[in-house]
Amino acid sequence: MPASIARMERCPLCGQAFDAEGRGCRPSCPLASGCRVVCCPSCGYSFPQETGLAGRLKGWLERRKEAR
Amino acid sequence: MTPSAAGAARAERFERKKIATAPRTLVLVGNPNVGKSVLFGALTGKYVTVSNYPGTTVEVTRGAATIGGSPWNVLDTPGTNNLLPMSEDEQVTRDILLQEPEYATLQVADAKNLRRGLLLSAQLAEAGVPFVLALNMADEAAGRGIRIDVERLARELGVDVVPTVAVQRQGIPELLEGVPKARPSAFPLKYDDAIEAAVAEAEPLLPERARLGRRALALMVLAGDDSLRVWLDAQLAEAAIARLDEVRRRLAARYPESLRYVIARQRLAAVDRLHDLVVTRGGSSAASTFARKLGAWSTHPIAGVPVLLAVLWLCYQFVGVLGAKVAVDFLENTVFYGHVVPWADALVRWVVPAGGLQEFLVGPAGVPFRDSDGLLVGRYGLVSMGLSYGMAIVLPIVATFFLAFSVLEDSGYLPRLAVMVNKVFKWMGLNGKAVLPMVLGLGCDTMATMTARIMETRKERVIVTLLLALGVPCSAQLAVILAMLAGVSAGAALWFLGVILAVLFLVGWLAARVIPGRGSDFVLELPPLRVPQAGNVLVKTLARMEWYLREALPLFVLGTLVLWGLARVQGIALLERLAAPVVVGVLDLPPSAATAFILGFLRRDYAAAGLFQHFEPAMRAGTMTREMNIQVTVALVTITLFIPCIANFFMILKERGWRTGLGIAAFILPFSIGVGATVNVLMRHLY
């Protein structure tokens with residue numbers, strides 16, 4: 001099963017905000033296990049969720065922004 | 001039943017009774033995820049009823065509230081971006097507004113993204129629906145430096161506007177004061193003369209006492225809203241319907257684009273003007289005049305083309321020069337073959353006893369790391385070939401491409417690129433819905449294959465799947481193709497582009513003949529263009545690189561394992577001999593290119609990486625001969641027309657079934673080789 005994380009995401013193509021839970025776009029894909037690519041329910045655009053190193057960088061940037 | 005359960009049931013019956021007897025209804029409408037349901041909860045309290053809207057599976061929630069001392073029904077509708085429905089959810093919301101007796105509307109907008117909300121306000125204004133506007137999440141908007149001139153907005157719209165923070169119940173008392181005073185907006189939204197004339201002609205033909213005003217209904221009819229047809233058929237005589245169709249046909253003939261698109265564009269322009277009047281960001285206008293102009297040029301049918309070409313050229317330079325030359329040179333020669341591979345080689349030969357595993361990890365002993373047993377260097381060692389290809393050649397290329405792609409996303413150009421690509425696909429002969437999977441295929445073909453579900457018939461789905469597998473390269477493949485094209489002569493690059501476009505045009509043209517009717521339009525909200533934020537771009541690029549490493553690298557390892565296994569049983573030599581009539585005889589490529597095609601079954605970019613490394617010294621030195629240019633072009637055309645990757649192949653089998661999936665593969669394999677052979681013959685005579 002795709003490993004999308006349940007959190008709000010905003011589609012970079014159409015701007016739709018949506019809950020990423022269950023939005024992994026390729027449940028039947030042989031590489032779906034551990035895959036964090038989510039699929040926008042509005043326009044179908046797919047993009048990887050920002051997790052791992054990217055997620056930590058995002059968190060650090062947000063904390064820095066809030067601290068200012 | 002326990003006492004508390006019985007109490008709850010009584011309370012629910014009481015609320016149901018209140019709902020049934022309340023004289024007025026408040027309908028909550030708004031874009032998806034703007035906090036509408038939270039506001040609904042704040043207004044109605046605990047007891048609500050949830051039921052499917054008649055004839056649909058869409059849930060509608062009803063509750064009761066006391067507003068201005070009187071009981072009101074409150075109805076929460078599914079989130080919608082448009083009163084011209086594109087989905088069942090949106091149709092339910094539009095139908096509620098069309099059929100619900102005597103109501104006022106509370107529009108909930110996201111203050112952080114007011115433009116989307118105002119697009120809906122403009123349509124409520126056109127419909128003559130009495131409404132109050134709640135600017136929800138006002139605290140988050142203020143936190144982001146977005147300032148909204150609420151009084152000016154209320155003046156321009158002619159309705160009450162209340163900033164709210166629904167989760168903290170801020171602004172709710174002011175909202176409750178405003179609801180009984182809800183009134184139709186006087187926002188003056190004018191279209192061009194032809195549309196206004198058509199509206200004036202259509203209005204008298206439409207029902208006078210509908211909940212939505214005649215002007216809104218006329219615009220829905222002109223925009224080709226099929227979902228309204230059943231309701232209109234029940235309301236109007238056949239002659240009136242025929243007249244409306246005639247007005248619409250005449251108006252449609254005046255524009256090259258669909259009327260839905262033309263009307264949406266003009267409405268959006270009016271909303272943009274209002275948005276600029278009332279929204280400021282950090283002291284300056286939310287979108288500068290230049291950015292607005294650039295945004296308009298970038299989707300213009302004529303001015304958009306040079307903008308599109310300029311963006312593609314910049315991407316090509318960035319990926320082809322910085323990624324494929326500078327970054328690959330450093331990572332491949334300095335990092336990998338200078339340090340990583342020798343260290344790994346020494347370590348493995350020290351730790352792992354000589355034999356199969358040692359050879360699989362670093363290649364045979366005593367053979368230089370970069371020795372090639374044909375086209376692919378590294379003698380099928382996991383480190384000397386698999387990781388070197390994945391990390392030192394493909395990764396820098398896709399990383400620069402992902403960086404460029406993230407800039408396009410964050411600047412707001414990506415949706416505009418999608419609009420322009422949509423136009424290009426339409427010129428190719430593809431129509432309506434078929435375009436969406438094609439555009440999405442440029443991101444990931446596997447996902448786009450699944451999107452082909454939106455096509456109505458099986459025949460359409462098969463054709464779209466075939467087109468995706470055949471000629472639409474995904475982002476990673478596009479990056480390696482760009483890198484390869486930067487290394488060949490301009491003439492060879494034009495040959496490649498010409499052939500791929502010609503194949504797409506031909507297959508698209510055939511598909512247009514086979515796929516009947518007119519599909520729906522590709523409708524996207526276009527955000528304003530802005531200067532990309534370095535932090536956002538970095539995070540997006542990193543996320544894509546992580547995804548790529550997780551998805552592609554295991555396949556690179558698998559490919560290396562397959563080749564290593566074949567090499568140990570002399571399978572590669574056998575395969576080369578078997579493939580020689582096609583690879584050497586038909587395509588005029590070296591026999592060893594067969595190994596690249598094996599990798600092509602796993603991932604097209606892996607195969608292209610083999611070609612890239614083989615020709616890289618000549619590309620860098622600028623000594624590519626005519627023969628080399630022809631060979632690269634032929635191999636690149638053949639590999640591009642291959643099935644994109646093994647994941648895509650499995651998705652085709654899953655979505656279309658084994659028979660159709662194998663049929664598609666059986667068509668693509670000879671077709672790609674046939675086109676490669678034709679290019680080879682033509683280039684040897686004409687290039």
# chains A, B, ... in the order shown; residues from 1 in each chain; ligands from 1
$ residues_around --residues "region 71-80 of chain B" --least-positions-apart "3" --cutoff "9 Å" --atoms "only C-alpha atoms" --output "MDAnalysis selection string"
chainID B and resid 18:34 36:37 40 43:44 58:68 83 85 87 89:94 96 120
$ residues_around --residues "Met8 (chain A)" --least-positions-apart "4" --cutoff "12 Å" --atoms "only C-alpha atoms" --output "ChimeraX atom specification"
/A:4,16-23,38,40,49-50 /B:33
$ atom_distance --atom1 "CA of Leu157 (chain B)" --atom2 "CA of Asp272 (chain B)"
13.7 Å
$ closest_residue --among "B:Thr541, B:Gln358, B:Ser592, B:Thr465" --to "chain A" --atoms "only C-alpha atoms"
B:Thr541
$ atom_distance --atom1 "CA of Leu361 (chain B)" --atom2 "CA of Ser388 (chain B)"
11.8 Å
$ select_by_dssp --residues "region 31-262 of chain B" --states "strand (DSSP E)" --output "ChimeraX atom specification"
/B:49-52,59-67,70-76,103-110,130-136,146-148,161-163,183-184
$ atom_distance --atom1 "CA of Met619 (chain B)" --atom2 "CA of Gly585 (chain B)"
25.3 Å
$ residues_around --residues "region 326-342 of chain B" --least-positions-apart "6" --cutoff "9 Å" --atoms "only C-alpha atoms" --output "PDB file with N, CA and C atoms, in the first residue's frame"
ATOM      1  N   VAL B 362      31.330  -5.364  -7.398  1.00  0.00           N
ATOM      2  CA  VAL B 362      32.286  -4.415  -8.002  1.00  0.00           C
ATOM      3  C   VAL B 362      32.845  -4.864  -9.350  1.00  0.00           C
ATOM      4  N   PHE B 369      37.831  -0.310 -13.620  1.00  0.00           N
ATOM      5  CA  PHE B 369      36.423  -0.008 -13.285  1.00  0.00           C
ATOM      6  C   PHE B 369      35.614   0.423 -14.499  1.00  0.00           C
ATOM      7  N   ARG B 370      36.240   1.190 -15.368  1.00  0.00           N
ATOM      8  CA  ARG B 370      35.464   1.791 -16.450  1.00  0.00           C
ATOM      9  C   ARG B 370      35.545   0.960 -17.715  1.00  0.00           C
ATOM     10  N   VAL B 383      28.246  -1.505  -7.710  1.00  0.00           N
ATOM     11  CA  VAL B 383      28.798  -0.173  -7.460  1.00  0.00           C
ATOM     12  C   VAL B 383      29.357   0.419  -8.745  1.00  0.00           C
ATOM     13  N   SER B 384      30.159  -0.402  -9.472  1.00  0.00           N
ATOM     14  CA  SER B 384      30.839   0.146 -10.653  1.00  0.00           C
ATOM     15  C   SER B 384      29.874   0.475 -11.783  1.00  0.00           C
ATOM     16  N   SER B 388      26.773   3.785  -9.981  1.00  0.00           N
ATOM     17  CA  SER B 388      27.422   4.866 -10.727  1.00  0.00           C
ATOM     18  C   SER B 388      26.438   5.485 -11.718  1.00  0.00           C
ATOM     19  N   TYR B 389      25.676   4.623 -12.403  1.00  0.00           N
ATOM     20  CA  TYR B 389      24.692   5.154 -13.352  1.00  0.00           C
ATOM     21  C   TYR B 389      23.609   5.942 -12.609  1.00  0.00           C
ATOM     22  N   MET B 391      23.528   7.200  -9.434  1.00  0.00           N
ATOM     23  CA  MET B 391      23.892   8.347  -8.602  1.00  0.00           C
ATOM     24  C   MET B 391      24.729   9.385  -9.351  1.00  0.00           C
ATOM     25  N   ALA B 392      25.627   8.921 -10.241  1.00  0.00           N
ATOM     26  CA  ALA B 392      26.559   9.870 -10.844  1.00  0.00           C
ATOM     27  C   ALA B 392      26.079  10.412 -12.183  1.00  0.00           C
ATOM     28  N   ILE B 393      25.209   9.680 -12.858  1.00  0.00           N
ATOM     29  CA  ILE B 393      24.773  10.160 -14.177  1.00  0.00           C
ATOM     30  C   ILE B 393      23.317  10.638 -14.139  1.00  0.00           C
ATOM     31  N   VAL B 394      22.418   9.742 -13.709  1.00  0.00           N
ATOM     32  CA  VAL B 394      20.996  10.117 -13.787  1.00  0.00           C
ATOM     33  C   VAL B 394      20.628  11.108 -12.682  1.00  0.00           C
ATOM     34  N   LEU B 395      21.130  10.888 -11.478  1.00  0.00           N
ATOM     35  CA  LEU B 395      20.718  11.758 -10.366  1.00  0.00           C
ATOM     36  C   LEU B 395      21.036  13.249 -10.604  1.00  0.00           C
ATOM     37  N   PRO B 396      22.277  13.616 -11.015  1.00  0.00           N
ATOM     38  CA  PRO B 396      22.509  15.051 -11.239  1.00  0.00           C
ATOM     39  C   PRO B 396      21.625  15.640 -12.339  1.00  0.00           C
ATOM     40  N   ILE B 397      21.323  14.800 -13.328  1.00  0.00           N
ATOM     41  CA  ILE B 397      20.479  15.294 -14.425  1.00  0.00           C
ATOM     42  C   ILE B 397      19.049  15.514 -13.926  1.00  0.00           C
ATOM     43  N   THR B 400      18.782  18.524 -11.413  1.00  0.00           N
ATOM     44  CA  THR B 400      18.680  19.861 -12.022  1.00  0.00           C
ATOM     45  C   THR B 400      17.298  20.048 -12.655  1.00  0.00           C
TER      46      THR B 400
END
$ select_by_dssp --residues "region 525-630 of chain B" --states "alpha helix (DSSP H)" --output "ChimeraX atom specification"
/B:534-568,571-580,593-602,604-621,626-630
